file my_file04.cif (mmCIF, C-alpha atoms (C1' of nucleotides))
data_my_file
#
loop_
_atom_site.label_atom_id
_atom_site.label_comp_id
_atom_site.auth_asym_id
_atom_site.auth_seq_id
_atom_site.Cartn_x
_atom_site.Cartn_y
_atom_site.Cartn_z
CA MET P 1402 2.43 3.02 3.90
CA PHE P 1403 -1.21 3.30 4.91
CA SER P 1404 -3.74 3.59 2.11
CA GLN P 1405 -5.77 6.70 1.44
CA THR P 1406 -8.85 4.72 2.32
CA VAL P 1407 -7.54 4.05 5.81
CA GLU P 1408 -6.65 7.69 6.32
CA TYR P 1409 -10.09 8.83 5.14
CA ALA P 1410 -11.93 6.26 7.23
CA LEU P 1411 -10.10 7.37 10.35
CA ARG P 1412 -10.90 11.00 9.66
CA ALA P 1413 -14.56 10.21 9.13
CA VAL P 1414 -14.85 8.21 12.32
CA VAL P 1415 -13.14 10.89 14.38
CA PHE P 1416 -15.39 13.49 12.82
CA LEU P 1417 -18.45 11.45 13.69
CA ALA P 1418 -17.27 10.69 17.19
CA HIS P 1419 -16.81 14.37 17.76
CA ARG P 1420 -20.51 14.97 17.07
CA SER P 1421 -21.66 11.70 18.56
CA PRO P 1422 -24.38 10.71 18.98
CA ASN P 1423 -25.64 13.16 16.37
CA PRO P 1424 -25.78 11.82 12.81
CA GLY P 1425 -23.63 13.35 10.09
CA ILE P 1426 -24.44 13.54 6.43
CA CYS P 1427 -21.88 12.57 3.83
CA GLU P 1428 -21.42 16.07 2.51
CA ASP P 1429 -20.62 17.52 5.93
CA ILE P 1430 -18.23 14.72 6.73
CA ALA P 1431 -16.46 15.12 3.41
CA LEU P 1432 -16.16 18.87 3.83
CA GLY P 1433 -15.03 18.61 7.41
CA THR P 1434 -12.39 16.03 6.67
CA LYS P 1435 -11.29 17.50 3.33
CA VAL P 1436 -12.05 14.34 1.41
CA PRO P 1437 -13.70 14.23 -2.05
CA ARG P 1438 -17.43 13.78 -1.43
CA PRO P 1439 -18.05 10.85 -3.79
CA TYR P 1440 -15.11 8.96 -2.41
CA MET P 1441 -16.13 9.62 1.16
CA ALA P 1442 -19.50 8.08 0.33
CA LYS P 1443 -17.72 4.91 -0.71
CA VAL P 1444 -15.54 4.80 2.37
CA LEU P 1445 -18.59 5.33 4.55
CA GLN P 1446 -20.32 2.44 2.85
CA GLY P 1447 -17.45 0.19 3.78
CA LEU P 1448 -17.66 1.25 7.40
CA VAL P 1449 -21.41 0.66 7.42
CA LYS P 1450 -20.91 -2.80 5.97
CA ALA P 1451 -18.39 -3.53 8.70
CA LYS P 1452 -20.94 -2.46 11.31
CA ILE P 1453 -18.74 0.36 12.55
CA LEU P 1454 -21.31 2.90 11.43
CA HIS P 1455 -25.06 2.86 11.10
CA SER P 1456 -26.72 4.64 8.22
CA GLN P 1457 -30.16 6.14 8.10
CA ARG P 1458 -31.66 7.08 4.77
CA GLY P 1459 -34.17 9.81 4.14
CA LEU P 1460 -34.82 13.23 5.53
CA GLY P 1461 -32.89 13.89 8.69
CA GLY P 1462 -30.80 10.79 8.11
CA GLY P 1463 -27.06 10.35 7.89
CA VAL P 1464 -24.53 8.05 9.43
CA THR P 1465 -23.82 7.57 13.11
CA LEU P 1466 -21.33 5.58 15.13
CA ASN P 1467 -22.61 2.11 15.86
CA ILE P 1468 -20.16 1.61 18.72
CA GLU P 1469 -19.46 3.87 21.68
CA PRO P 1470 -16.29 5.91 21.18
CA ALA P 1471 -14.87 4.43 24.36
CA ASN P 1472 -15.19 0.94 22.89
CA LEU P 1473 -14.08 1.67 19.35
CA THR P 1474 -10.39 1.37 18.61
CA LEU P 1475 -8.52 2.71 15.61
CA LEU P 1476 -7.59 -0.87 14.78
CA GLN P 1477 -11.22 -1.83 14.28
CA VAL P 1478 -11.61 1.00 11.80
CA VAL P 1479 -8.41 0.13 9.97
CA ASN P 1480 -9.31 -3.54 9.76
CA ALA P 1481 -12.76 -2.67 8.47
CA VAL P 1482 -11.50 -0.92 5.36
CA ASP P 1483 -8.01 -2.34 4.79
CA PRO P 1484 -7.29 -5.27 7.07
CA ILE P 1485 -3.85 -5.76 8.53
CA LYS P 1486 -2.86 -9.21 7.36
CA ARG P 1487 -0.50 -10.84 9.83
CA ILE P 1488 1.93 -13.41 8.45
CA THR P 1489 1.05 -16.85 9.72
CA ARG P 1490 2.64 -19.06 7.12
CA CYS P 1491 5.83 -18.83 5.12
CA PRO P 1492 4.99 -16.65 2.09
CA LEU P 1493 7.31 -18.78 -0.02
CA ASP P 1494 5.47 -21.97 0.94
CA LEU P 1495 8.71 -23.68 1.80
CA ALA P 1496 8.11 -27.14 3.16
CA SER P 1497 11.24 -26.90 5.32
CA HIS P 1498 9.80 -23.89 7.11
CA GLY P 1499 6.45 -25.46 7.89
CA VAL P 1500 4.35 -23.31 10.12
CA LYS P 1501 7.39 -21.78 11.75
CA LEU P 1502 8.34 -18.48 10.18
CA CYS P 1503 11.85 -17.84 9.00
CA PRO P 1504 13.80 -15.06 10.79
CA LEU P 1505 12.97 -12.54 8.09
CA HIS P 1506 9.24 -13.07 8.15
CA ARG P 1507 9.22 -13.24 11.91
CA ARG P 1508 10.54 -9.68 11.86
CA VAL P 1509 8.10 -8.51 9.24
CA ASP P 1510 5.23 -10.02 11.16
CA SER P 1511 6.52 -8.42 14.30
CA ALA P 1512 6.40 -5.04 12.56
CA LEU P 1513 2.81 -5.81 11.65
CA ALA P 1514 2.12 -6.71 15.24
CA SER P 1515 3.46 -3.39 16.42
CA ILE P 1516 1.03 -1.62 14.12
CA GLU P 1517 -1.83 -3.63 15.56
CA GLN P 1518 -0.60 -2.74 19.00
CA ALA P 1519 -0.37 0.95 18.21
CA PHE P 1520 -3.82 1.15 16.67
CA GLY P 1521 -5.46 -1.35 18.96
CA SER P 1522 -4.55 0.48 22.12
CA THR P 1523 -6.25 3.72 21.21
CA THR P 1524 -9.98 4.33 21.38
CA LEU P 1525 -11.92 7.08 19.72
CA ALA P 1526 -12.79 8.44 23.13
CA GLU P 1527 -9.12 8.90 23.92
CA ILE P 1528 -8.59 10.78 20.69
CA LEU P 1529 -11.43 13.11 21.55
CA SER P 1530 -10.30 13.78 25.08
CA GLU P 1531 -6.76 14.45 23.99
CA THR P 1532 -7.44 17.71 22.18
CA GLY P 1533 -4.52 19.72 23.36
CA GLY P 1534 -5.97 23.01 22.23
CA SER P 1535 -6.82 21.78 18.73
CA ILE P 1536 -9.97 19.95 17.86
CA PRO P 1537 -9.09 16.55 16.34
CA LEU P 1538 -9.83 17.39 12.74
CA CYS P 1539 -11.05 20.91 12.20
CA ASP P 1540 -13.29 23.67 13.39
CA PHE P 1541 -15.48 23.71 10.34
CA SER P 1542 -19.20 24.46 10.81
CA PRO P 1543 -21.39 21.74 9.34
CA LYS P 1544 -24.12 22.59 6.88
CA ARG P 1545 -26.97 21.13 8.85
CA PHE P 1546 -26.51 22.95 12.10
CA THR P 1547 -25.67 26.32 10.59
CA LEU P 1548 -28.08 26.51 7.69
CA ASN P 1549 -31.05 24.44 8.70
CA GLN P 1550 -31.20 24.43 12.44
CA VAL P 1551 -29.53 26.22 15.24
CA THR P 1552 -30.32 23.74 17.96
CA ALA P 1553 -27.28 21.95 19.24
CA VAL P 1554 -29.14 18.66 19.32
CA PRO P 1555 -31.31 17.64 16.35
CA PRO P 1556 -34.93 16.60 16.90
CA GLU P 1557 -35.29 13.14 18.39
CA ARG P 1558 -35.29 10.39 15.79
CA LYS P 1559 -38.58 8.47 15.70
CA LYS P 1560 -36.90 5.10 15.41
CA GLY P 1561 -34.67 5.92 18.35
CA ARG P 1562 -31.19 5.29 16.97
CA GLN P 1563 -29.71 7.64 19.54
CA SER P 1564 -28.03 4.95 21.65
CA PHE P 1565 -25.27 2.50 20.71
CA PRO P 1566 -26.61 -0.96 19.98
CA ASN P 1567 -23.20 -2.59 20.02
CA SER P 1568 -21.17 -1.83 23.07
CA GLY P 1569 -17.98 -3.43 21.84
CA LYS P 1570 -16.51 -5.57 19.16
CA ASP P 1571 -18.87 -7.21 16.73
CA MET Q 140 0.17 -3.37 4.28
CA PHE Q 141 3.69 -3.67 2.93
CA SER Q 142 4.10 -3.62 -0.83
CA GLN Q 143 5.24 -6.58 -2.87
CA THR Q 144 8.33 -4.62 -3.78
CA VAL Q 145 9.33 -4.34 -0.14
CA GLU Q 146 8.78 -8.04 0.44
CA TYR Q 147 10.83 -8.95 -2.63
CA ALA Q 148 13.63 -6.54 -1.77
CA LEU Q 149 13.93 -8.00 1.71
CA ARG Q 150 14.04 -11.51 0.33
CA ALA Q 151 16.74 -10.57 -2.15
CA VAL Q 152 18.91 -8.89 0.44
CA VAL Q 153 18.64 -11.80 2.85
CA PHE Q 154 19.46 -14.17 0.04
CA LEU Q 155 22.52 -12.14 -0.86
CA ALA Q 156 23.62 -11.74 2.72
CA HIS Q 157 23.46 -15.47 3.11
CA ARG Q 158 26.05 -15.90 0.33
CA SER Q 159 27.96 -12.75 1.16
CA PRO Q 160 30.43 -11.74 -0.02
CA ASN Q 161 29.86 -13.92 -3.08
CA PRO Q 162 27.92 -12.23 -5.89
CA GLY Q 163 24.53 -13.57 -6.96
CA ILE Q 164 23.05 -13.40 -10.41
CA CYS Q 165 19.51 -12.24 -10.93
CA GLU Q 166 18.23 -15.62 -12.04
CA ASP Q 167 19.51 -17.40 -8.95
CA ILE Q 168 18.15 -14.74 -6.66
CA ALA Q 169 14.76 -14.86 -8.35
CA LEU Q 170 14.62 -18.63 -8.18
CA GLY Q 171 15.80 -18.76 -4.59
CA THR Q 172 13.33 -16.19 -3.42
CA LYS Q 173 10.45 -17.35 -5.62
CA VAL Q 174 10.05 -14.01 -7.32
CA PRO Q 175 9.37 -13.52 -11.06
CA ARG Q 176 12.75 -13.03 -12.70
CA PRO Q 177 12.00 -9.87 -14.68
CA TYR Q 178 10.48 -8.22 -11.65
CA MET Q 179 13.38 -9.19 -9.43
CA ALA Q 180 15.65 -7.49 -11.94
CA LYS Q 181 13.73 -4.29 -11.43
CA VAL Q 182 13.79 -4.53 -7.65
CA LEU Q 183 17.51 -5.21 -7.74
CA GLN Q 184 18.04 -2.14 -9.88
CA GLY Q 185 16.32 -0.03 -7.26
CA LEU Q 186 18.56 -1.42 -4.54
CA VAL Q 187 21.64 -0.74 -6.64
CA LYS Q 188 20.50 2.81 -7.23
CA ALA Q 189 20.09 3.22 -3.48
CA LYS Q 190 23.64 1.98 -2.96
CA ILE Q 191 22.48 -0.99 -0.93
CA LEU Q 192 23.82 -3.34 -3.58
CA HIS Q 193 26.65 -3.17 -6.06
CA SER Q 194 26.27 -4.68 -9.51
CA GLN Q 195 28.96 -6.05 -11.72
CA ARG Q 196 28.24 -6.63 -15.38
CA GLY Q 197 29.82 -9.19 -17.59
CA LEU Q 198 30.92 -12.75 -17.22
CA GLY Q 199 31.21 -13.76 -13.59
CA GLY Q 200 29.29 -10.67 -12.54
CA GLY Q 201 26.15 -10.31 -10.47
CA VAL Q 202 25.06 -8.22 -7.54
CA THR Q 203 26.66 -8.10 -4.11
CA LEU Q 204 25.89 -6.37 -0.85
CA ASN Q 205 27.46 -2.96 -0.69
CA ILE Q 206 27.18 -2.80 3.09
CA GLU Q 207 28.26 -5.33 5.67
CA PRO Q 208 25.33 -7.40 6.94
CA ALA Q 209 26.08 -6.26 10.48
CA ASN Q 210 25.62 -2.64 9.43
CA LEU Q 211 22.61 -3.07 7.17
CA THR Q 212 19.18 -2.81 8.76
CA LEU Q 213 15.89 -3.91 7.31
CA LEU Q 214 14.78 -0.29 7.54
CA GLN Q 215 17.46 0.81 5.09
CA VAL Q 216 16.22 -1.75 2.60
CA VAL Q 217 12.57 -0.80 3.09
CA ASN Q 218 13.31 2.89 2.73
CA ALA Q 219 15.33 2.26 -0.40
CA VAL Q 220 12.42 0.78 -2.33
CA ASP Q 221 9.32 2.15 -0.60
CA PRO Q 222 10.17 4.83 1.96
CA ILE Q 223 8.23 5.06 5.19
CA LYS Q 224 6.85 8.57 5.17
CA ARG Q 225 6.43 9.89 8.69
CA ILE Q 226 3.73 12.51 9.26
CA THR Q 227 5.28 15.83 10.10
CA ARG Q 228 2.55 18.25 9.16
CA CYS Q 229 -1.23 18.09 9.42
CA PRO Q 230 -2.37 16.25 6.27
CA LEU Q 231 -5.43 18.50 6.13
CA ASP Q 232 -3.29 21.64 6.14
CA LEU Q 233 -5.37 23.15 8.89
CA ALA Q 234 -3.99 26.47 9.98
CA SER Q 235 -5.28 25.93 13.50
CA HIS Q 236 -3.12 22.82 13.81
CA GLY Q 237 0.07 24.42 12.65
CA VAL Q 238 3.04 22.14 13.00
CA LYS Q 239 1.48 20.35 15.95
CA LEU Q 240 -0.30 17.19 14.92
CA CYS Q 241 -3.88 16.53 15.96
CA PRO Q 242 -4.47 13.55 18.26
CA LEU Q 243 -5.45 11.31 15.36
CA HIS Q 244 -2.37 11.95 13.27
CA ARG Q 245 -0.17 11.78 16.31
CA ARG Q 246 -1.35 8.20 16.70
CA VAL Q 247 -0.94 7.35 13.05
CA ASP Q 248 2.55 8.76 13.06
CA SER Q 249 3.30 6.83 16.18
CA ALA Q 250 2.28 3.64 14.39
CA LEU Q 251 4.66 4.61 11.61
CA ALA Q 252 7.36 5.17 14.19
CA SER Q 253 6.86 1.71 15.59
CA ILE Q 254 7.43 0.25 12.15
CA GLU Q 255 10.64 2.20 11.82
CA GLN Q 256 11.64 0.95 15.22
CA ALA Q 257 10.87 -2.67 14.36
CA PHE Q 258 12.76 -2.60 11.09
CA GLY Q 259 15.50 -0.28 12.20
CA SER Q 260 16.54 -2.44 15.11
CA THR Q 261 17.29 -5.52 13.05
CA THR Q 262 20.39 -6.02 10.95
CA LEU Q 263 20.89 -8.55 8.22
CA ALA Q 264 23.55 -10.21 10.32
CA GLU Q 265 21.02 -10.84 13.07
CA ILE Q 266 18.63 -12.42 10.61
CA LEU Q 267 21.35 -14.75 9.41
CA SER Q 268 22.49 -15.77 12.85
CA GLU Q 269 18.97 -16.45 13.97
CA THR Q 270 18.35 -19.47 11.80
CA GLY Q 271 16.61 -21.66 14.28
CA GLY Q 272 16.96 -24.78 12.18
CA SER Q 273 15.68 -23.19 9.00
CA ILE Q 274 17.78 -21.20 6.63
CA PRO Q 275 16.29 -17.71 6.22
CA LEU Q 276 14.74 -18.19 2.85
CA CYS Q 277 15.29 -21.58 1.37
CA ASP Q 278 17.73 -24.36 0.76
CA PHE Q 279 17.74 -24.05 -2.99
CA SER Q 280 20.97 -24.76 -4.82
CA PRO Q 281 22.03 -21.86 -7.03
CA LYS Q 282 22.81 -22.38 -10.67
CA ARG Q 283 26.34 -21.03 -10.61
CA PHE Q 284 27.79 -23.12 -7.85
CA THR Q 285 26.16 -26.36 -8.86
CA LEU Q 286 26.50 -26.19 -12.60
CA ASN Q 287 29.55 -24.08 -13.27
CA GLN Q 288 31.83 -24.32 -10.31
CA VAL Q 289 32.09 -26.35 -7.18
CA THR Q 290 34.42 -24.05 -5.32
CA ALA Q 291 32.76 -22.41 -2.36
CA VAL Q 292 34.43 -19.12 -3.18
CA PRO Q 293 34.40 -17.82 -6.75
CA PRO Q 294 37.67 -16.74 -8.38
CA GLU Q 295 38.90 -13.39 -7.17
CA ARG Q 296 37.47 -10.48 -9.08
CA LYS Q 297 40.12 -8.48 -10.88
CA LYS Q 298 38.69 -5.16 -9.82
CA GLY Q 299 38.55 -6.31 -6.24
CA ARG Q 300 34.94 -5.72 -5.23
CA GLN Q 301 35.14 -8.38 -2.58
CA SER Q 302 35.12 -6.07 0.44
CA PHE Q 303 32.43 -3.65 1.60
CA PRO Q 304 33.20 -0.07 0.60
CA ASN Q 305 30.50 1.43 2.78
CA SER Q 306 30.63 0.31 6.34
CA GLY Q 307 27.36 1.90 7.39
CA LYS Q 308 24.68 4.28 6.25
CA ASP Q 309 25.31 6.19 3.10
"C1'" DT O 353 -49.76 10.13 -1.70
"C1'" DC O 354 -46.20 13.61 -3.04
"C1'" DA O 355 -41.96 15.88 -2.71
"C1'" DA O 356 -37.63 16.54 -0.63
"C1'" DT O 357 -33.55 14.42 1.40
"C1'" DA O 358 -30.04 11.15 1.81
"C1'" DT O 359 -27.92 6.69 1.22
"C1'" DT O 360 -27.02 2.69 -2.15
"C1'" DG O 361 -24.96 0.73 -5.92
"C1'" DG O 362 -22.96 0.28 -10.28
"C1'" DA O 363 -20.53 2.04 -14.20
"C1'" DC O 364 -16.66 4.53 -15.46
"C1'" DA O 365 -11.95 7.06 -15.72
"C1'" DA O 366 -7.34 8.03 -14.13
"C1'" DG O 367 -3.23 6.87 -11.73
"C1'" DA O 368 -0.05 3.84 -9.33
"C1'" DT O 369 1.78 -0.69 -8.67
"C1'" DA O 370 2.99 -5.21 -10.35
"C1'" DG O 371 4.77 -7.93 -13.77
"C1'" DT O 372 6.68 -8.95 -18.73
"C1'" DC O 373 9.51 -8.52 -22.70
"C1'" DT O 374 13.04 -6.93 -25.76
"C1'" DT O 375 17.02 -4.42 -26.90
"C1'" DA O 376 21.17 -2.16 -25.48
"C1'" DT O 377 25.51 -2.04 -22.85
"C1'" DT O 378 29.31 -3.77 -20.35
"C1'" DC O 379 32.61 -7.06 -19.13
"C1'" DT O 380 35.55 -11.47 -19.29
"C1'" DA O 381 37.83 -15.09 -21.58
"C1'" DG O 382 40.21 -16.82 -25.21
"C1'" DC N 406 39.39 -8.44 -31.33
"C1'" DT N 407 35.56 -11.33 -31.01
"C1'" DA N 408 32.02 -14.17 -28.84
"C1'" DG N 409 29.50 -15.14 -25.01
"C1'" DA N 410 27.68 -13.91 -20.46
"C1'" DA N 411 25.37 -11.00 -17.63
"C1'" DT N 412 23.24 -6.60 -16.06
"C1'" DA N 413 20.82 -2.00 -17.55
"C1'" DA N 414 17.14 0.31 -19.26
"C1'" DG N 415 13.03 1.31 -21.37
"C1'" DA N 416 8.56 0.22 -23.47
"C1'" DC N 417 4.60 -2.28 -22.71
"C1'" DT N 418 0.52 -4.84 -20.43
"C1'" DA N 419 -2.44 -5.98 -16.59
"C1'" DT N 420 -4.36 -5.30 -12.19
"C1'" DC N 421 -5.50 -2.69 -8.14
"C1'" DT N 422 -6.41 1.63 -5.91
"C1'" DT N 423 -8.29 6.09 -6.06
"C1'" DG N 424 -11.61 9.12 -7.50
"C1'" DT N 425 -16.05 10.64 -10.23
"C1'" DC N 426 -20.70 10.45 -11.78
"C1'" DC N 427 -25.47 9.19 -12.08
"C1'" DA N 428 -29.62 6.68 -11.45
"C1'" DA N 429 -32.24 3.91 -8.02
"C1'" DT N 430 -34.09 3.32 -3.51
"C1'" DA N 431 -35.54 4.37 1.12
"C1'" DT N 432 -37.41 7.53 4.53
"C1'" DT N 433 -39.56 11.50 6.48
"C1'" DG N 434 -42.82 15.23 6.69
"C1'" DA N 435 -46.70 17.56 4.98
#

call {"tool": "encode", "arguments": {"input": "my_file04.cif", "output": "structure tokens"}}
result
Amino acid sequence: MFSQTVEYALRAVVFLAHRSPNPGICEDIALGTKVPRPYMAKVLQGLVKAKILHSQRGLGGGVTLNIEPANLTLLQVVNAVDPIKRITRCPLDLASHGVKLCPLHRRVDSALASIEQAFGSTTLAEILSETGGSIPLCDFSPKRFTLNQVTAVPPERKKGRQSFPNSGKD
Amino acid sequence: MFSQTVEYALRAVVFLAHRSPNPGICEDIALGTKVPRPYMAKVLQGLVKAKILHSQRGLGGGVTLNIEPANLTLLQVVNAVDPIKRITRCPLDLASHGVKLCPLHRRVDSALASIEQAFGSTTLAEILSETGGSIPLCDFSPKRFTLNQVTAVPPERKKGRQSFPNSGKD
DNA sequence: TCAATATTGGACAAGATAGTCTTATTCTAG
DNA sequence: CTAGAATAAGACTATCTTGTCCAATATTGA
């Protein structure tokens, strides 16, 4: 029903939110979410293009959330990689139906609306706070913090990308 | 979001329900629902295999609903051609999650549940009765009744497939 | 400036879905 | 029994999604 890309994007965003505002590198994210690395890179690119994430190249770089978890809904993530297309016109292009949907497509669109509702009403922050004993995705230890550094917080970025430039929708 | 196959299957079933209990031939259904004929044939086959429809070969044959419109929900049709797969186990197979879903997948599954709810609560009969001025799909005139016969009801089938053998779910 | 790190982007392969076509098979009518 | 009508079934093509790989580019730190 939902594409792999959507599933992977959601995992990545939750993973990132969990470490927010620390950046995550593709390899860690892929490992932590059990997604093939090369494919995760592609999914991440899509999220960067949609302004959900911010990417920083070079040493010490990685991707970070571009929106505060409290202001980022699952729907925004879903729409960024695989938009939910509501039905606004008769798919059969019947003149007699005009802009009014027939009973069938009214129901289909209503199902679509309920998905929007379900995803739109949940923020990343809620997901994080709701860990009933189990961390959202996994308890895997990322490469950077175990192998390279032991500090919980990485050294301050020079360019100061530590805060969230966008506080809400784009 | 929903596959073409699902969309086409729903159109076909509504089309058939609208003429129920008269049989419809593939060509008419394809024309009336604006679906490529050969592909409609394949979709119809799937619905027959799922016992939603009954097919009758030979002269005067065609496909008919196998379930009364009042007892047939959109969900049954959707599940017949492209089943909604609810999430019952952690897709990452994390031991720490066990059978309990993490907050993310709880939400995704809940979105899936809302689709089931939306489609499961509507019967074909409701769709038909809800024609607010516009016939569910179209006002196309089928080949059989315009070219071959003018009678509203086709001649009785010898084998007597006029009634609905299954009154509800399979 | 040099080297290491990490994203970017494009080419490429495999698999699933969508759509087409042709040949059987089944049934009715005469 | 035969001819015609209609579905059944399978092979086949095309397109989209998923997944892989590699070279190019950007950034940091020394």

call {"tool": "residues_around", "arguments": {"input": "my_file04.cif", "residues": "Leu214 of chain Q", "least_positions_apart": "5", "cutoff": "7 Å", "atoms": "only C-alpha atoms (C1' of nucleotides)", "output": "count of residues only"}}
result
3

call {"tool": "closest_atom_pairs", "arguments": {"input": "my_file04.cif", "of": "chain Q", "to": "chain O", "cutoff": "8 Å", "atoms": "all atoms listed in the file", "output": "tab-separated table"}}
result
residue	atom	partner	partner_atom	distance
Q:Gln143	CA	O:DA370	C1'	7.9
Q:Pro175	CA	O:DG371	C1'	7.7
Q:Pro177	CA	O:DT372	C1'	6.7
Q:Tyr178	CA	O:DG371	C1'	6.1
Q:Arg196	CA	O:DC379	C1'	5.8
Q:Gly197	CA	O:DC379	C1'	3.8
Q:Leu198	CA	O:DT380	C1'	5.2
Q:Gly199	CA	O:DT380	C1'	7.5

call {"tool": "interface_residues", "arguments": {"input": "my_file04.cif", "of": "chain N", "to": "chain Q", "cutoff": "10 Å", "atoms": "all atoms listed in the file", "output": "number ranges by chain"}}
result
N: 409-414

call {"tool": "closest_atom_pairs", "arguments": {"input": "my_file04.cif", "of": "chain Q", "to": "chain P", "cutoff": "6 Å", "atoms": "all atoms listed in the file", "output": "Markdown table"}}
result
| residue | atom | partner | partner_atom | distance |
| --- | --- | --- | --- | --- |
| Q:Cys241 | CA | P:Pro1537 | CA | 5.2 |
| Q:Pro242 | CA | P:Ile1528 | CA | 5.5 |
| Q:Ala250 | CA | P:Ala1519 | CA | 5.4 |
| Q:Ile254 | CA | P:Ala1512 | CA | 5.4 |
| Q:Ala257 | CA | P:Ala1512 | CA | 5.4 |
| Q:Ile266 | CA | P:Pro1504 | CA | 5.5 |
| Q:Pro275 | CA | P:Cys1503 | CA | 5.2 |

call {"tool": "closest_residue", "arguments": {"input": "my_file04.cif", "among": "Q:Ala148, Q:Ile206, Q:Val216, Q:Ala156", "to": "Met179 of chain Q", "atoms": "all atoms listed in the file"}}
result
Q:Ala148

call {"tool": "closest_residue", "arguments": {"input": "my_file04.cif", "among": "P:Leu1432, P:Asn1423, P:Leu1448, P:Thr1524", "to": "Ala1481 of chain P", "atoms": "only C-alpha atoms"}}
result
P:Leu1448

call {"tool": "atom_distance", "arguments": {"input": "my_file04.cif", "atom1": "atom CA of Arg1490 of chain P", "atom2": "atom CA of Ala264 of chain Q"}}
result
22.9 Å

call {"tool": "atom_distance", "arguments": {"input": "my_file04.cif", "atom1": "atom CA of Gly163 of chain Q", "atom2": "atom C1' of DC417 of chain N"}}
result
27.8 Å

call {"tool": "atom_distance", "arguments": {"input": "my_file04.cif", "atom1": "atom CA of Pro1424 of chain P", "atom2": "atom C1' of DC426 of chain N"}}
result
25.1 Å
